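Asker: Have a look at this one.
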Amino acid sequence: MIVKKEPEQFQNYLSDASNYKGFADSVYIPENEPEIIELLKKFNEQKTKVTIAGNGTGLTGARVPEGGVVISLEKLNRIINLSRKEKFVIVQPAVILKDLQDFVEAENLLYPPDPTERNCFIGATVATNASGARSFKYGPTRNYVVGLRIFLPAGEIISIERGKYFANGLKGHLITAPGKEILFTLPDYYMPHTKNAAGYFCRANMDLIDLFIGSEGTLGVITEVKLKLLDLPKSLLSSIAFFKSEENALDFIDEARSISIRASNNQSRSPSHLNASALEFFDQKALNFLRPDFQNIPGKSEAAVWFEQDYNDNDDSIITNWINLLKKYNCDEDSVWLAINKNEREKFHEFRHAVSWKVNEFIAQRNFKKIGTDVAVPAQNFRQFYSWIKKKIELENLDYVAYGHFGDCHPHLNMLPKDEFEYQKAKQIYAEICAEAVRLKGTISAEHGIGKLKRESLLKMHGEENIRKMAALKLIFDPNKILNIGNIFNENFLERV
């Protein structure tokens with residue numbers, strides 16, 4: 001086990017990609033499960049706060065400690081088992097997402113979840129129910145987690161497989177490895193019918209494995225994950241198309257979304273055979289932000305759409321049909337970027353990722369915390385909601401860039417304040433945007449989770465009574481209040497249960 005006790009040795013564990021910063025007494029890096037159990041038992045008896053650290057790619061401060069100690073699982077980074085026949089893989093929590101995807105693709109298998117930052121730990125993607133561009137077709141991480149091994153603060157172990165434990169209404173019942181029964185009641189709050197990563201997943205008669213997915217390390221420590229895999233599609237079309245009008249780009253996404261949803265639901269077999277796995281949007285400001293690094297972006301473009309479709313036949317007409325849909329919405333086909341091999345597809349992923357890291361860089365240089373939306377709303381409200389957001393920010397003369405998973409009606413609108421006055425104004429606008437998303441039956445966090453930065457927004461989404469119910473649920477698993485304190489809800493709720 002590695003132990004870091006001098007502050008200069010562990011500064012990189014005290015922040016994340018949001019530029020949220022914290023403090024801790026020391027950092028522990030165990031190399032195996034017995035060492036994790038030893039640490040948990042020790043700190044549980046001492047009632048010392050423990051923050052479980054991911055790879056620092058998060059945007060909510062979830063891995064950032066507010067006192068106590070940090071346990072980094074970075075040494076638990078093995079791929080334990082792959083079954084080609086049964087299509088699953090078992091991994092330790094610190095396996096890098098990109099490494100896992102490359103590993104299974106070499107075996108002609110696919111692990112679909114694809115957060116923008118693929119240097120994240122698999123355990124952290126489970127803890128936040130991460131998603132990404134391909135969630136439009138394939139859904140979030142939750143859909144692929146079929147088994148978890150979880151350590152509770154007292155050192156007890158829960159091994160849970162999908163289909164093994166179900167809630168009886170809102171009553172939950174789990175059994176630890178020593179045979180101890182854990183009985184609890186699930187909160188009964190409204191769960192948005194959108195992409196959602198805001199707070200504990202709670203639903204009557206749910207599969208109880210889902211409680212831990214998206215719980216942000218507050219209920220237990222994940223030490224092993226079993227993931228479902230799919231067959232790797234034989235072909236993949238990846239394209240970035242540029243539009244002279246933002247309205248044309250949004251109209252294109254609306255029709256592509258509608259066609260793709262019908263195709264995925266088998267409601268119709270479209271003559272065009274279009275079925276996007278990803279529909280991503282970039283506004284003009286985002287393109288201008290990218291232009292210094294991607295000088296081949298067409299000069300008069302007001303918007304761009306990156307779309308992908310995977311398929312198993314050799315029907316080249318799919319490309320033609322996509323081009324026809326683009327032309328319908330006045331996209332100049334000569335400006336379309338088309339990837340014909342994996343290397344070129346990776347460049348498109350770099351294009352998408354570059355927006356995020358350039359925003360993070362801008363914010364870090366000014367020493368602010370990132371203020372970017374992670375909201376999602378139902379499709380019927382999306383266009384009006386997106387227009388409302390932009391007008392609100394423009395009326396305040398704030399700089400911003402807009403991009404994101406528009407197939408999922410999930411915009412990442414990042415405000416770029418230049419000084420403290422603009423930063424405070426941006427925070428107020430962010431709160432108003434979250435409130436409007438909730439009013440429209442959407443979510444304040446579609447994929448990044450709550451962490452410490454969005455606690456007030458979650459409180460407004462679910463209300464104090466339901467936050468108290470979440471706190472009561474946490475105390476069943478963590479009665480001494482040590483695990484990832486401050487994630488999802490403020491620590492003071494643990495004193496008021």
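Ligands are numbered from 1 in the order shown, residues from 1 within each chain, and chains are lettered A, B, ... in the order they appear in the structure tokens.
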Report the residues of region 119-185 of chain A whose backbone DSSP state falls under strand (DSSP E or B), written as a VMD selection string.
Answerer: chain A and resid 121 145 to 151 157 to 161 166 168 171 to 175 181 to 185
Asker: Region 411-414 of chain A: which residues within 7 Å, counting only C-alpha atoms, same-chain residues fewer than 4 positions away excluded, as a PyMOL selection string?
Answerer: chain A and resi 371-376+400-406
Asker: Can those selected residues be exported to a file as an mmCIF file, in the first residue's frame so that it contains N, CA and C atoms?
Answerer:
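Output saved as again_27.cif:
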```
data_model
loop_
_atom_site.group_PDB
_atom_site.id
_atom_site.type_symbol
_atom_site.label_atom_id
_atom_site.label_comp_id
_atom_site.auth_asym_id
_atom_site.auth_seq_id
_atom_site.Cartn_x
_atom_site.Cartn_y
_atom_site.Cartn_z
ATOM 1 N N ILE A 371 -19.112 26.293 -15.113
ATOM 2 C CA ILE A 371 -20.559 26.497 -15.081
ATOM 3 C C ILE A 371 -21.113 26.062 -16.436
ATOM 4 N N GLY A 372 -21.457 24.800 -16.511
ATOM 5 C CA GLY A 372 -21.985 24.246 -17.745
ATOM 6 C C GLY A 372 -23.206 23.397 -17.459
ATOM 7 N N THR A 373 -24.204 23.499 -18.289
ATOM 8 C CA THR A 373 -25.434 22.756 -18.045
ATOM 9 C C THR A 373 -25.259 21.275 -18.358
ATOM 10 N N ASP A 374 -25.975 20.466 -17.597
ATOM 11 C CA ASP A 374 -26.049 19.019 -17.821
ATOM 12 C C ASP A 374 -27.521 18.611 -17.812
ATOM 13 N N VAL A 375 -28.370 19.561 -18.161
ATOM 14 C CA VAL A 375 -29.818 19.344 -18.096
ATOM 15 C C VAL A 375 -30.312 18.555 -19.305
ATOM 16 N N ALA A 376 -31.449 17.900 -19.144
ATOM 17 C CA ALA A 376 -32.153 17.248 -20.256
ATOM 18 C C ALA A 376 -33.641 17.426 -20.030
ATOM 19 N N TYR A 400 -20.509 32.308 -24.210
ATOM 20 C CA TYR A 400 -20.867 30.905 -23.972
ATOM 21 C C TYR A 400 -20.542 30.095 -25.222
ATOM 22 N N VAL A 401 -20.546 28.795 -25.057
ATOM 23 C CA VAL A 401 -20.539 27.858 -26.188
ATOM 24 C C VAL A 401 -21.609 26.822 -25.910
ATOM 25 N N ALA A 402 -22.265 26.378 -26.982
ATOM 26 C CA ALA A 402 -23.326 25.372 -26.835
ATOM 27 C C ALA A 402 -23.005 24.169 -27.709
ATOM 28 N N TYR A 403 -23.103 23.018 -27.120
ATOM 29 C CA TYR A 403 -22.883 21.757 -27.839
ATOM 30 C C TYR A 403 -23.561 20.663 -27.024
ATOM 31 N N GLY A 404 -23.465 19.437 -27.459
ATOM 32 C CA GLY A 404 -23.971 18.370 -26.619
ATOM 33 C C GLY A 404 -24.762 17.310 -27.338
ATOM 34 N N HIS A 405 -25.423 16.489 -26.541
ATOM 35 C CA HIS A 405 -26.105 15.285 -27.002
ATOM 36 C C HIS A 405 -27.552 15.636 -27.382
ATOM 37 N N PHE A 406 -27.707 16.307 -28.510
ATOM 38 C CA PHE A 406 -29.033 16.815 -28.864
ATOM 39 C C PHE A 406 -29.972 15.699 -29.304
#
```
Asker: What's the 8 Å shell around Ala198 (chain A), counting only C-alpha atoms, without same-chain residues fewer than 5 positions away, as a list of chain:residue names?
Answerer: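 Final neighbour list, sorted by chain and number: A:Gly214, A:Thr443, A:Ile444, A:Ser445, A:Ala446, A:Gly449, A:Ile450, A:Leu458.
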Asker: How about saving the chosen residues, C-alpha atoms kept, as a PDB file, in the first residue's frame?
Answerer:
```pdb
ATOM      1  CA  GLY A 214     -25.160   6.352  -9.858  1.00  0.00           C
ATOM      2  CA  THR A 443     -33.455  16.664 -14.970  1.00  0.00           C
ATOM      3  CA  ILE A 444     -30.690  18.914 -13.700  1.00  0.00           C
ATOM      4  CA  SER A 445     -28.087  16.200 -14.396  1.00  0.00           C
ATOM      5  CA  ALA A 446     -28.379  13.873 -17.352  1.00  0.00           C
ATOM      6  CA  GLY A 449     -24.045  13.236 -11.564  1.00  0.00           C
ATOM      7  CA  ILE A 450     -24.422  15.653  -8.644  1.00  0.00           C
ATOM      8  CA  LEU A 458     -30.797  18.622  -6.626  1.00  0.00           C
TER       9      LEU A 458
END
```
Asker: Taking the DSSP secondary structure from the backbone, can you list the residues of region 42-219 of chain A that are helix (DSSP H, G or I), as a compact mmCIF listing (two decimals) with C-alpha atoms, in the first residue's frame?
Answerer:
```txt
# COMPACT_ATOMS: atom_id res chain seq x y z
CA LYS A 42 -9.99 1.48 10.50
CA PHE A 43 -11.58 4.71 9.32
CA ASN A 44 -15.09 3.50 10.09
CA GLU A 45 -14.11 2.83 13.69
CA GLN A 46 -12.44 6.25 13.87
CA LEU A 97 -12.67 3.04 -20.24
CA LYS A 98 -10.72 3.47 -23.48
CA ASP A 99 -8.47 0.51 -22.63
CA LEU A 100 -11.52 -1.67 -21.95
CA GLN A 101 -13.20 -0.65 -25.20
CA ASP A 102 -10.06 -1.35 -27.22
CA PHE A 103 -9.65 -4.71 -25.46
CA VAL A 104 -13.16 -5.97 -26.18
CA GLU A 105 -13.21 -4.60 -29.73
CA ILE A 122 -14.87 2.15 -15.13
CA GLY A 123 -15.76 2.22 -11.43
CA ALA A 124 -16.38 5.96 -11.63
CA THR A 125 -18.62 5.55 -14.69
CA VAL A 126 -20.71 3.08 -12.69
CA ALA A 127 -20.75 5.38 -9.67
CA THR A 128 -22.14 8.23 -11.80
CA SER A 135 -26.46 6.69 -25.20
CA PHE A 136 -28.93 7.98 -27.81
CA LYS A 137 -29.19 4.42 -29.12
CA TYR A 138 -27.64 2.25 -26.43
CA THR A 141 -23.85 2.66 -18.14
CA ARG A 142 -26.74 1.25 -16.06
CA ASN A 143 -27.92 -0.81 -19.04
CA TYR A 144 -24.65 -2.78 -19.10
CA ILE A 209 -28.39 -3.41 -8.30
CA ASP A 210 -29.59 -0.12 -9.78
CA LEU A 211 -29.49 1.56 -6.37
CA PHE A 212 -25.68 1.43 -6.39
```
Asker: Near Leu236 (chain A), within 7 Å and counting only C-alpha atoms, which residues show up once chain neighbours fewer than 5 positions away are dropped, as JSON, numbers by chain?
Answerer: {"A": [309, 310, 311]}
Asker: Please list as an NGL selection string every residue within 6 Å of Ile482 (chain A), counting only C-alpha atoms and excluding residues in the same chain fewer than 3 positions away.
Answerer: :A and (48-50)
Asker: Residues of the last selection are to be written out with C-alpha atoms, as a PDB file, in the first residue's frame.
Answerer:
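Dumped to result.pdb:
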```pdb
ATOM      1  CA  THR A  48     -12.936   9.501   9.667  1.00  0.00           C
ATOM      2  CA  LYS A  49     -14.300  10.792   6.376  1.00  0.00           C
ATOM      3  CA  VAL A  50     -13.204   8.749   3.353  1.00  0.00           C
TER       4      VAL A  50
END
```
Asker: Could you jot down the CA of Phe289 (chain A) to CA of Arg134 (chain A) separation for me, Å, one decimal place?
Answerer: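 Calculated distance between CA of Phe289 (chain A) and CA of Arg134 (chain A) is 23.7 Å.
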Asker: Between A:Asn168, A:Thr51, A:Asn296, A:Gln365, which one has atoms that come closest to Ser335 (chain A), using only C-alpha atoms?
Answerer: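 Comparing A:Asn168, A:Thr51, A:Asn296, A:Gln365 against Ser335 (chain A), the winner is A:Asn296.
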Asker: What's the 6 Å shell around region 52-65 of chain A, counting only C-alpha atoms, without same-chain residues fewer than 3 positions away, as JSON, numbers by chain?
Answerer: {"A": [14, 15, 16, 17, 18, 20, 22, 23, 70, 71, 72, 120, 124, 451, 452, 453, 487]}
Asker: Now that the selection is made, can you save its residues with N, CA and C atoms as a PDB file, in the first residue's frame?
Answerer:
```pdb
ATOM      1  N   LEU A  14      -6.741  16.541  -5.093  1.00  0.00           N
ATOM      2  CA  LEU A  14      -7.588  17.520  -4.415  1.00  0.00           C
ATOM      3  C   LEU A  14      -8.395  18.382  -5.374  1.00  0.00           C
ATOM      4  N   SER A  15      -8.521  17.960  -6.622  1.00  0.00           N
ATOM      5  CA  SER A  15      -9.328  18.707  -7.598  1.00  0.00           C
ATOM      6  C   SER A  15      -9.782  17.747  -8.683  1.00  0.00           C
ATOM      7  N   ASP A  16     -10.670  18.242  -9.540  1.00  0.00           N
ATOM      8  CA  ASP A  16     -11.076  17.459 -10.715  1.00  0.00           C
ATOM      9  C   ASP A  16     -11.186  18.388 -11.915  1.00  0.00           C
ATOM     10  N   ALA A  17     -11.767  17.895 -13.019  1.00  0.00           N
ATOM     11  CA  ALA A  17     -11.794  18.672 -14.257  1.00  0.00           C
ATOM     12  C   ALA A  17     -12.691  19.895 -14.181  1.00  0.00           C
ATOM     13  N   SER A  18     -13.534  19.994 -13.154  1.00  0.00           N
ATOM     14  CA  SER A  18     -14.391  21.166 -12.981  1.00  0.00           C
ATOM     15  C   SER A  18     -13.647  22.328 -12.333  1.00  0.00           C
ATOM     16  N   TYR A  20     -12.955  22.268  -9.225  1.00  0.00           N
ATOM     17  CA  TYR A  20     -13.370  22.264  -7.820  1.00  0.00           C
ATOM     18  C   TYR A  20     -12.192  21.770  -6.987  1.00  0.00           C
ATOM     19  N   GLY A  22     -10.387  20.851  -3.024  1.00  0.00           N
ATOM     20  CA  GLY A  22     -10.679  20.456  -1.656  1.00  0.00           C
ATOM     21  C   GLY A  22      -9.423  20.291  -0.833  1.00  0.00           C
ATOM     22  N   PHE A  23      -9.533  19.540   0.249  1.00  0.00           N
ATOM     23  CA  PHE A  23      -8.402  19.360   1.164  1.00  0.00           C
ATOM     24  C   PHE A  23      -8.541  18.014   1.860  1.00  0.00           C
ATOM     25  N   VAL A  70      -8.270  10.366   1.563  1.00  0.00           N
ATOM     26  CA  VAL A  70      -8.627   9.895   0.225  1.00  0.00           C
ATOM     27  C   VAL A  70      -8.139   8.467   0.078  1.00  0.00           C
ATOM     28  N   ILE A  71      -8.997   7.606  -0.488  1.00  0.00           N
ATOM     29  CA  ILE A  71      -8.569   6.275  -0.918  1.00  0.00           C
ATOM     30  C   ILE A  71      -8.676   6.243  -2.434  1.00  0.00           C
ATOM     31  N   SER A  72      -7.552   6.106  -3.089  1.00  0.00           N
ATOM     32  CA  SER A  72      -7.532   5.979  -4.545  1.00  0.00           C
ATOM     33  C   SER A  72      -7.447   4.503  -4.913  1.00  0.00           C
ATOM     34  N   CYS A 120     -11.489   8.012 -18.130  1.00  0.00           N
ATOM     35  CA  CYS A 120     -12.122   7.805 -16.828  1.00  0.00           C
ATOM     36  C   CYS A 120     -11.990   6.347 -16.392  1.00  0.00           C
ATOM     37  N   ALA A 124     -15.790   4.626 -11.724  1.00  0.00           N
ATOM     38  CA  ALA A 124     -16.381   5.958 -11.626  1.00  0.00           C
ATOM     39  C   ALA A 124     -17.557   6.108 -12.588  1.00  0.00           C
ATOM     40  N   GLY A 451     -22.390  15.153  -7.412  1.00  0.00           N
ATOM     41  CA  GLY A 451     -21.160  15.507  -6.724  1.00  0.00           C
ATOM     42  C   GLY A 451     -21.415  16.533  -5.638  1.00  0.00           C
ATOM     43  N   LYS A 452     -20.533  17.526  -5.568  1.00  0.00           N
ATOM     44  CA  LYS A 452     -20.662  18.597  -4.581  1.00  0.00           C
ATOM     45  C   LYS A 452     -21.100  19.909  -5.214  1.00  0.00           C
ATOM     46  N   LEU A 453     -20.939  20.025  -6.514  1.00  0.00           N
ATOM     47  CA  LEU A 453     -21.261  21.280  -7.182  1.00  0.00           C
ATOM     48  C   LEU A 453     -22.750  21.475  -7.443  1.00  0.00           C
ATOM     49  N   ASN A 487     -21.222  14.306  -1.249  1.00  0.00           N
ATOM     50  CA  ASN A 487     -21.726  13.972  -2.579  1.00  0.00           C
ATOM     51  C   ASN A 487     -23.245  13.812  -2.534  1.00  0.00           C
TER      52      ASN A 487
END
```
Asker: Just the residues within 12 Å of Gly179 (chain A), please, counting only C-alpha atoms, with nothing from its chain fewer than 4 positions along; format it as a ChimeraX atom specification.
Answerer: /A:156-159,173-175
Asker: When you count only C-alpha atoms, which of these residues is closest to Leu325 (chain A): A:Ala379, A:Leu186, A:Ala256, A:Ala276?
Answerer: A:Ala256
Asker: With only C-alpha atoms as the basis for distance, which of A:Leu227, A:Ile319, A:Ala354, A:Ile160 is at the shortest distance from Ile340 (chain A)?
Answerer: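 Ranked by minimum distance to Ile340 (chain A), first place goes to A:Ile319.
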Asker: In Å, how far is it from CA of Asn196 (chain A) to CA of Val145 (chain A)?
Answerer: 16.1 Å
Asker: Considering only C-alpha atoms, can you say which of A:Val377, A:Leu398, A:Ile253, A:Ile240 comes closest to Glu333 (chain A)?
Answerer: A:Ile240
